[in-house]
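Source file: structure-v1.cif. Holds: mmCIF, C-alpha atoms.
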```
data_upload
loop_
_atom_site.label_atom_id
_atom_site.label_comp_id
_atom_site.auth_asym_id
_atom_site.auth_seq_id
_atom_site.Cartn_x
_atom_site.Cartn_y
_atom_site.Cartn_z
CA MET A 1 94.32 161.65 72.74
CA ILE A 2 93.15 159.09 70.20
CA PRO A 3 96.66 158.38 68.72
CA PHE A 4 97.88 157.88 72.30
CA LEU A 5 95.19 155.25 72.96
CA ILE A 6 95.95 153.51 69.73
CA THR A 7 99.60 153.13 70.68
CA ILE A 8 98.92 151.06 73.86
CA SER A 9 100.00 147.48 73.55
CA GLU A 10 97.77 144.42 73.82
CA ASN A 11 99.20 143.60 77.21
CA GLU A 12 98.41 147.08 78.48
CA LYS A 13 94.89 146.81 77.14
CA ARG A 14 94.37 143.60 79.07
CA MET A 15 95.78 145.12 82.20
CA LEU A 16 93.54 148.16 81.78
CA LEU A 17 90.47 145.94 81.50
CA VAL A 18 91.44 143.89 84.55
CA LEU A 19 92.08 147.06 86.52
CA LEU A 20 88.74 148.52 85.48
CA ALA A 21 86.91 145.33 86.42
CA ALA A 22 88.68 145.22 89.79
CA VAL A 23 87.78 148.86 90.55
CA ILE A 24 84.13 148.31 89.56
CA LEU A 25 83.98 145.16 91.68
CA VAL A 26 85.42 146.93 94.70
CA PHE A 27 82.92 149.80 94.43
CA VAL A 28 80.01 147.40 93.90
CA LEU A 29 81.05 145.41 96.97
CA ILE A 30 81.27 148.62 99.01
CA GLY A 31 77.83 149.61 97.68
CA LEU A 32 76.37 146.24 98.69
CA LEU A 33 77.97 146.54 102.12
CA GLY A 34 76.45 149.99 102.48
CA LEU A 35 73.02 148.65 101.51
CA LEU A 36 73.36 145.88 104.08
CA VAL A 37 74.30 148.35 106.82
CA LYS A 38 71.37 150.55 105.79
CA ARG A 39 68.93 147.64 106.03
CA ILE A 40 70.26 146.54 109.41
CA MET A 41 69.98 150.12 110.70
CA SER A 42 66.41 150.51 109.50
CA SER A 43 65.43 147.29 111.28
CA GLN A 44 67.24 148.47 114.42
CA ALA A 45 65.40 151.80 114.22
CA LYS A 46 62.03 150.02 114.42
CA ARG A 47 62.70 149.52 118.13
CA ALA A 48 62.11 153.26 118.59
CA ASP A 49 58.63 152.82 117.11
CA THR A 50 57.94 150.02 119.57
CA PHE A 51 58.68 152.09 122.65
CA MET A 52 56.99 155.26 121.36
CA TYR A 53 53.86 153.75 119.80
CA ASP A 54 51.67 153.58 122.91
CA LEU A 55 52.65 157.07 124.00
CA VAL A 56 51.73 158.60 120.65
CA TYR A 57 48.63 156.45 120.20
CA THR A 58 47.19 157.46 123.59
CA LYS A 59 48.16 161.12 123.05
CA ALA A 60 50.42 161.13 126.11
CA ILE A 61 52.92 162.90 123.84
CA LYS A 62 51.75 166.40 123.07
CA ASN A 63 54.16 167.86 120.50
CA PRO A 64 57.37 167.13 118.53
CA ARG A 65 59.59 168.59 121.23
CA HIS A 66 57.93 166.37 123.85
CA PHE A 67 58.34 163.40 121.50
CA ARG A 68 62.07 164.02 121.17
CA ARG A 69 62.59 164.52 124.92
CA VAL A 70 60.84 161.29 125.89
CA GLY A 71 62.28 159.42 122.89
CA PHE A 72 65.87 160.34 123.72
CA LYS A 73 65.37 159.41 127.37
CA LYS A 74 64.04 155.98 126.42
CA ASN A 75 66.79 155.60 123.83
CA HIS A 76 69.47 156.20 126.49
CA ARG A 77 67.84 153.61 128.73
CA LEU A 78 67.73 151.07 125.93
CA LEU A 79 71.38 151.77 125.10
CA PHE A 80 72.30 151.11 128.73
CA GLN A 81 70.26 147.90 128.75
CA GLN A 82 71.76 146.63 125.50
CA SER A 83 75.40 147.59 125.94
CA TRP A 84 76.24 147.00 129.57
CA ILE A 85 77.52 143.49 128.75
CA PRO A 86 79.92 144.58 125.94
CA PHE A 87 80.96 147.55 128.05
CA LEU A 88 81.76 145.19 130.91
CA ILE A 89 83.70 142.90 128.54
CA LEU A 90 85.79 145.87 127.39
CA LEU A 91 86.45 146.91 130.98
CA VAL A 92 87.42 143.36 131.98
CA ALA A 93 89.81 143.10 129.01
CA ALA A 94 91.40 146.46 129.81
CA ALA A 95 91.67 145.57 133.51
CA PHE A 96 93.29 142.22 132.64
CA LEU A 97 95.93 143.90 130.47
CA LEU A 98 96.67 146.61 133.04
CA ILE A 99 96.98 144.06 135.86
CA TYR A 100 99.33 141.91 133.74
CA MET A 101 101.47 144.93 132.85
CA ALA A 102 101.64 145.96 136.51
CA ILE A 103 102.52 142.46 137.78
CA ALA A 104 105.09 141.78 135.03
CA ASN A 105 106.28 145.38 135.16
CA HIS A 106 106.12 145.37 131.38
CA TRP A 107 104.44 148.65 130.49
CA ASN A 108 105.56 148.74 126.85
CA LEU A 109 103.75 145.55 125.83
CA ASN A 110 102.76 145.71 122.16
CA VAL A 111 99.68 143.57 121.53
CA PHE A 112 100.26 143.81 117.76
CA ASP A 113 103.92 142.75 117.77
CA TYR A 114 104.70 139.80 115.46
CA TYR A 115 108.50 139.72 115.45
CA GLY A 116 109.87 139.98 118.98
CA THR A 117 113.68 139.86 119.02
CA ASP A 118 114.36 137.16 116.42
CA GLY A 119 111.04 136.48 114.71
CA THR A 120 110.09 133.60 117.07
CA ASP A 121 109.22 135.31 120.35
CA GLY A 122 106.74 137.99 119.38
CA GLU A 123 104.43 139.18 122.13
CA GLY A 124 101.45 140.27 120.06
CA PHE A 125 98.31 138.69 118.69
CA THR A 126 99.59 139.09 115.11
CA THR A 127 102.02 136.19 115.67
CA LEU A 128 99.02 134.06 114.65
CA PHE A 129 98.74 135.64 111.19
CA PHE A 130 100.63 135.99 107.96
CA ILE A 131 102.27 139.40 107.83
CA PHE A 132 103.02 140.91 104.42
CA ASP A 133 105.33 143.75 103.58
CA PHE A 134 102.90 145.88 101.61
CA ALA A 135 105.28 148.84 101.60
CA ASN A 136 107.79 146.92 99.49
CA ALA A 137 105.33 145.12 97.24
CA PRO A 138 106.45 144.79 93.60
CA LYS A 139 105.01 147.59 91.50
CA SER A 140 104.68 148.38 87.81
CA THR A 141 104.35 151.70 86.09
CA PHE A 142 101.06 152.03 84.26
CA PHE A 143 100.25 155.31 82.55
CA GLY A 144 102.66 156.98 84.96
CA MET A 145 101.07 155.38 88.02
CA GLN A 146 102.80 152.94 90.39
CA ILE A 147 100.45 149.96 90.73
CA VAL A 148 101.00 146.85 92.87
CA SER A 149 101.68 144.10 90.35
CA ASP A 150 102.49 141.08 92.52
CA TRP A 151 101.96 139.52 95.94
CA PRO A 152 104.01 141.42 98.61
CA PRO A 153 106.92 139.66 100.32
CA LEU A 154 106.13 137.68 103.46
CA LEU A 155 107.46 139.13 106.72
CA SER A 156 106.17 136.53 109.17
CA SER A 157 104.30 133.21 109.15
CA PRO A 158 101.91 132.16 111.93
CA TYR A 159 103.51 130.68 115.05
CA LEU A 160 102.64 130.29 118.72
CA SER A 161 104.68 132.35 121.13
CA ALA A 162 104.71 131.85 124.91
CA ASN A 163 105.47 135.55 125.36
CA ALA A 164 102.24 136.47 123.61
CA TRP A 165 99.77 134.71 125.94
CA PRO A 166 98.47 137.97 127.46
CA SER A 167 97.78 139.24 123.94
CA TYR A 168 96.05 135.96 123.04
CA VAL A 169 93.71 136.53 125.98
CA PHE A 170 93.28 140.28 125.68
CA VAL A 171 92.77 140.81 121.93
CA PRO A 172 89.90 138.31 121.31
CA ILE A 173 88.03 139.47 124.42
CA PHE A 174 88.58 143.12 123.56
CA LEU A 175 87.58 142.64 119.93
CA THR A 176 84.40 140.78 120.93
CA GLY A 177 83.42 143.58 123.30
CA ALA A 178 84.37 146.30 120.83
CA ILE A 179 82.41 144.84 117.90
CA TRP A 180 79.38 144.16 120.12
CA TYR A 181 79.57 147.70 121.49
CA LEU A 182 79.87 149.18 117.99
CA ILE A 183 76.72 147.30 116.93
CA CYS A 184 74.93 148.77 119.97
CA VAL A 185 76.16 152.25 119.04
CA GLN A 186 75.01 151.73 115.47
CA ALA A 187 71.55 150.77 116.76
CA PHE A 188 71.58 153.86 118.99
CA ILE A 189 72.37 156.11 116.01
CA ALA A 190 69.62 154.44 113.97
CA ARG A 191 67.05 154.97 116.75
CA THR A 192 68.15 158.57 117.27
CA TRP A 193 67.64 159.29 113.58
CA ARG A 194 64.24 157.58 113.63
CA ILE A 195 63.14 159.62 116.66
CA LEU A 196 64.16 162.86 114.94
CA VAL A 197 62.26 161.90 111.77
CA MET A 198 59.14 160.59 113.52
CA SER A 199 58.91 163.55 115.92
CA LYS A 200 58.16 165.70 112.88
CA LYS A 201 56.20 163.16 110.88
CA SER A 202 53.85 162.12 113.71
CA PHE A 203 52.58 165.68 114.15
CA GLU A 204 52.69 166.73 110.54
CA LYS A 205 49.49 168.18 109.07
CA SER A 206 49.21 167.62 105.37
CA LEU A 207 46.75 169.15 102.93
CA ASP A 208 47.63 166.64 100.22
CA ASN A 209 44.33 164.74 100.36
CA TYR A 210 42.15 167.65 101.42
CA ASP A 211 39.47 168.79 99.01
CA ALA A 212 37.72 172.04 100.00
CA THR A 213 34.95 171.49 97.42
CA LYS A 214 33.76 168.39 99.20
CA ASN A 215 31.05 168.30 101.81
CA PRO A 216 32.61 169.16 105.20
CA VAL A 217 31.24 165.86 106.50
CA ASP A 218 33.52 164.07 104.04
CA ASN A 219 36.47 165.90 105.52
CA PRO A 220 36.15 164.99 109.18
CA LEU A 221 37.92 167.08 111.77
CA PRO A 222 41.30 165.70 112.77
CA PRO A 223 41.67 164.26 116.27
CA LEU A 224 42.51 166.82 118.94
CA GLN A 225 46.13 167.04 119.99
CA MET B 1 71.97 146.80 84.67
CA ILE B 2 70.50 150.01 86.09
CA LYS B 3 70.40 148.41 89.54
CA PHE B 4 74.04 147.38 89.15
CA LEU B 5 75.02 150.91 88.19
CA GLN B 6 73.05 152.28 91.13
CA ILE B 7 74.94 150.03 93.52
CA PHE B 8 78.22 151.02 91.85
CA GLY B 9 77.32 154.71 92.26
CA GLN B 10 76.37 154.17 95.87
CA GLY B 11 79.71 152.43 96.39
CA ILE B 12 81.54 155.53 95.12
CA LEU B 13 79.33 157.72 97.33
CA TYR B 14 80.04 155.63 100.42
CA VAL B 15 83.79 155.76 99.75
CA VAL B 16 83.64 159.55 99.42
CA LEU B 17 81.51 159.96 102.53
CA SER B 18 83.26 157.30 104.63
CA PRO B 19 85.46 159.82 106.53
CA PHE B 20 82.32 161.65 107.64
CA PHE B 21 80.66 158.38 108.69
CA LEU B 22 83.75 157.48 110.70
CA VAL B 23 83.80 160.88 112.40
CA ILE B 24 80.10 160.52 113.29
CA LEU B 25 80.68 156.99 114.58
CA ALA B 26 83.67 158.11 116.66
CA PHE B 27 81.63 160.98 118.10
CA TYR B 28 78.80 158.61 119.04
CA VAL B 29 81.21 156.08 120.56
CA VAL B 30 82.53 158.78 122.89
CA TYR B 31 79.03 160.14 123.56
CA THR B 32 77.56 156.71 124.34
CA ALA B 33 80.52 155.89 126.61
CA LEU B 34 79.73 159.05 128.58
CA VAL B 35 76.04 158.12 128.63
CA MET B 36 76.94 154.66 129.96
CA ILE B 37 79.03 156.12 132.78
CA PHE B 38 76.34 158.67 133.63
CA MET B 39 73.59 156.03 133.61
CA PHE B 40 75.70 153.74 135.77
CA LEU B 41 76.24 156.44 138.39
CA LYS B 42 72.56 157.37 138.24
CA MET B 43 71.59 153.73 138.69
CA ILE B 44 73.75 153.43 141.82
CA ILE B 45 72.36 156.62 143.35
CA LEU B 46 68.76 155.64 142.56
CA PHE B 47 69.38 152.13 143.91
CA PHE B 48 70.29 153.50 147.34
CA ALA B 49 67.26 155.80 147.17
CA GLY B 50 65.08 152.70 146.63
CA LYS B 51 64.23 153.58 143.03
CA SER B 52 65.01 152.14 139.63
CA VAL B 53 66.64 153.83 136.68
CA PHE B 54 64.19 151.95 134.46
CA ALA B 55 61.05 153.11 136.31
CA ASP B 56 58.09 154.18 134.19
CA LEU B 57 58.12 157.77 132.98
CA PRO B 58 55.07 159.96 133.76
CA GLU B 59 54.12 159.65 130.09
CA ASP B 60 54.18 155.84 130.40
CA ILE B 61 51.86 155.96 133.39
CA GLU B 62 49.51 158.34 131.59
CA ALA B 63 49.49 156.10 128.52
CA GLU B 64 48.83 153.01 130.65
CA GLN B 65 45.90 154.72 132.38
CA MET B 66 44.51 155.80 129.03
CA LYS B 67 44.83 152.29 127.66
CA ASN B 68 43.10 150.80 130.70
CA LYS B 69 40.30 153.32 130.35
CA LEU B 70 39.82 152.53 126.68
CA ARG B 71 39.90 148.80 127.44
CA ASP B 72 37.29 149.15 130.20
CA GLU B 73 35.04 151.22 127.95
CA LYS B 74 35.30 148.61 125.21
CA LEU B 75 34.54 145.79 127.63
CA ALA B 76 31.57 147.68 129.08
CA LYS B 77 30.17 148.10 125.57
CA GLU B 78 30.63 144.44 124.71
CA ASN B 79 29.30 143.01 128.04
CA PRO B 80 26.76 145.37 129.61
CA GLN B 81 26.40 144.61 133.34
CA THR B 82 22.99 144.38 135.18
CA PRO B 83 22.65 147.24 137.66
CA PRO B 84 22.94 146.25 141.32
CA LEU B 85 19.72 145.57 143.33
CA PRO B 86 18.26 148.56 145.14
CA TYR B 87 18.24 148.25 148.91
CA PRO B 88 16.11 147.03 150.77
CA TYR B 89 13.65 145.56 148.25
CA PRO B 90 14.58 143.89 145.01
CA PRO B 91 12.69 144.91 141.89
CA TYR B 92 9.83 142.98 140.37
CA GLY B 93 11.06 140.14 138.24
CA TYR B 94 13.95 139.29 140.57
CA PRO B 95 13.79 135.58 141.57
CA GLY B 96 11.20 135.24 144.34
CA TYR B 97 9.61 138.61 143.52
CA PRO B 98 7.20 138.08 140.59
CA TYR B 99 5.39 140.90 138.85
CA PRO B 100 1.90 141.61 140.39
CA PRO B 101 -1.01 140.20 138.32
CA MET B 102 -2.59 142.52 135.83
CA PRO B 103 -6.37 143.13 136.05
CA GLY B 104 -8.21 140.14 134.58
CA GLN B 105 -5.09 138.01 134.51
CA VAL B 106 -5.73 134.34 135.27
CA ILE B 107 -3.12 132.92 137.55
CA ASN B 108 -2.41 129.29 137.21
CA GLN B 109 -3.39 127.56 140.47
CA PRO B 110 -3.14 123.87 141.43
CA ASP B 111 -6.21 121.75 140.51
CA VAL B 112 -8.71 121.30 143.36
CA LYS B 113 -9.96 117.74 143.73
CA GLU B 114 -13.70 117.45 144.22
CA ILE B 115 -14.94 115.15 147.00
CA ASP B 116 -18.40 113.89 147.94
CA ALA B 117 -19.73 115.74 150.98
CA LYS B 118 -23.02 115.66 152.71
CA PRO B 119 -24.85 118.83 153.75
CA ILE B 120 -24.36 119.61 157.40
CA ASP B 121 -27.38 118.96 159.62
CA VAL B 122 -27.33 121.67 162.33
CA GLU B 123 -29.84 120.11 164.68
CA GLU B 124 -27.99 116.81 164.92
CA GLU B 125 -24.81 118.63 165.76
CA LYS B 126 -26.50 120.45 168.63
CA LYS B 127 -27.75 117.12 169.98
CA ASP B 128 -24.32 115.66 169.87
CA GLU B 129 -22.95 118.58 171.83
CA GLN B 130 -25.53 118.15 174.58
#
```
Take the structure from the file and write it as structure tokens.
Amino acid sequence: MIPFLITISENEKRMLLVLLAAVILVFVLIGLLGLLVKRIMSSQAKRADTFMYDLVYTKAIKNPRHFRRVGFKKNHRLLFQQSWIPFLILLVAAAFLLIYMAIANHWNLNVFDYYGTDGTDGEGFTTLFFIFDFANAPKSTFFGMQIVSDWPPLLSSPYLSANAWPSYVFVPIFLTGAIWYLICVQAFIARTWRILVMSKKSFEKSLDNYDATKNPVDNPLPPLQ
Amino acid sequence: MIKFLQIFGQGILYVVLSPFFLVILAFYVVYTALVMIFMFLKMIILFFAGKSVFADLPEDIEAEQMKNKLRDEKLAKENPQTPPLPYPYPPYGYPGYPYPPMPGQVINQPDVKEIDAKPIDVEEEKKDEQ
């Protein structure tokens, strides 16, 4: 193993270091993204505390099962309140596309097409972006692995296409609705998790701070449930 | 450095678990879409029945009553109210109804002005009448 490492060239060493740094950076960025999502979800979950606080405080909720039943019901209501607008946006976008396809009798419309027939009349939203040919990107062999070593060839540059106007309308509206809806779903998952955790925690009886040697007066009876 | 390594480790963990997260997210997207459709239909039915899908739950009403009760009890403790007057007579001490004097109590009365008066002569009065 050691003689093999010694035989690698200076260039390969540099490449190895760059590769290692790139991999570490990617994982750190993913870790930071995960932390951000976690923080956002924990702040979204606090909404469940808001709508359950009074019920638990006034003892209108009797047990964990009751907590979960009422909590889920309120969570569904809040989901409906929060996501009816993105849901409507998605429906409007889908209805627009279907109506266009029906009127133009063009049922095989590809909203992600960038080429069309000659590279100038694409009918998709991706006509507005650079398209790279990642499949044919230049590669180098490194320790027996094929690694992308250069920028991939360009397949298409951004251009405006008259054929693509339905895609220009549909894709931004649909993406807006979809991202908004996904955020609502994420909040729903966060609240669901919080309800499951708090349904147990709110009714948990712990003996951690109980001291039987103390005067009973110092250990007051817990409130009735 | 430890924090950096922790984040790096979490990054690896998230990459490994990402397929599961995506499956869970996809499941919830489908589930919430069904919930939305169900709630929408329920809202329409309840609308024609004159009710709201967002009406208070029985637990909400119970909690509200409990809160009102606690609030009233707190207010009653902080501002004790005078009891209402008994019918038909108000109690002593009520304006216009002073306490009766205690034995030996001197009641303040207005000063009486002394005037000069002659003793009445009875015989002269009889003469005048005749």
Exercise. Hey, can you check how far atom CA of A:Asp150 sits from atom CA of A:Asp118?
Worked result: 27.0 Å
For this session: Report the residues retrieved by the PyMOL selection byres ((chain A) within 8 of (chain B)) from the displayed file, expressed as JSON, numbers by chain.
Result: {"A": [24, 27, 28, 29, 30, 31, 32, 34, 54, 55, 58, 59, 60, 61, 76, 77, 79, 80, 84, 182, 185, 186, 189]}
For this session: Could you check which of A:Phe125, A:Ala48, A:Lys214, A:Asn209 is closest to A:Phe72, using all atoms listed in the file?
Result: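 The answer is A:Ala48, which sits nearest to A:Phe72.
The space separating atom CA of A:Trp151 from atom CA of A:Ala135 comes to 11.4 Å.
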Problem set entry | All residues 10 Å or closer to A:Gly71, only C-alpha atoms, same chain fewer than 6 positions away omitted, as number ranges by chain | A: 48-49, 51-52, 55, 65, 77, 191-192, 194-196, 198-199
Problem set entry | Pick from A:Lys13, A:Lys139, A:Lys73, A:Lys62 nearest to A:Phe188, counting all atoms listed in the file |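 With all atoms listed in the file as the atom set, the closest residue is A:Lys73.
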Exercise. So how far away is atom CA of A:Ser42 from atom CA of B:Ala55, in Å?
Worked result: 27.5 Å
Problem set entry | Residue among A:Phe203, A:Tyr181, A:Trp193, A:Trp165 lying closest to A:Gly122, counting only C-alpha atoms |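 Of all the options, A:Trp165 lies closest to A:Gly122.
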Exercise. For A:Gly177, which residue out of A:Thr141, A:Leu88, A:Asp113, A:Ser156 is the nearest one, using all atoms listed in the file?
Worked result: A:Leu88
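Among the candidates A:Pro153, A:Asn163, A:Met145, A:Tyr57, the one nearest to A:Ala104 when counting all atoms listed in the file is A:Asn163.
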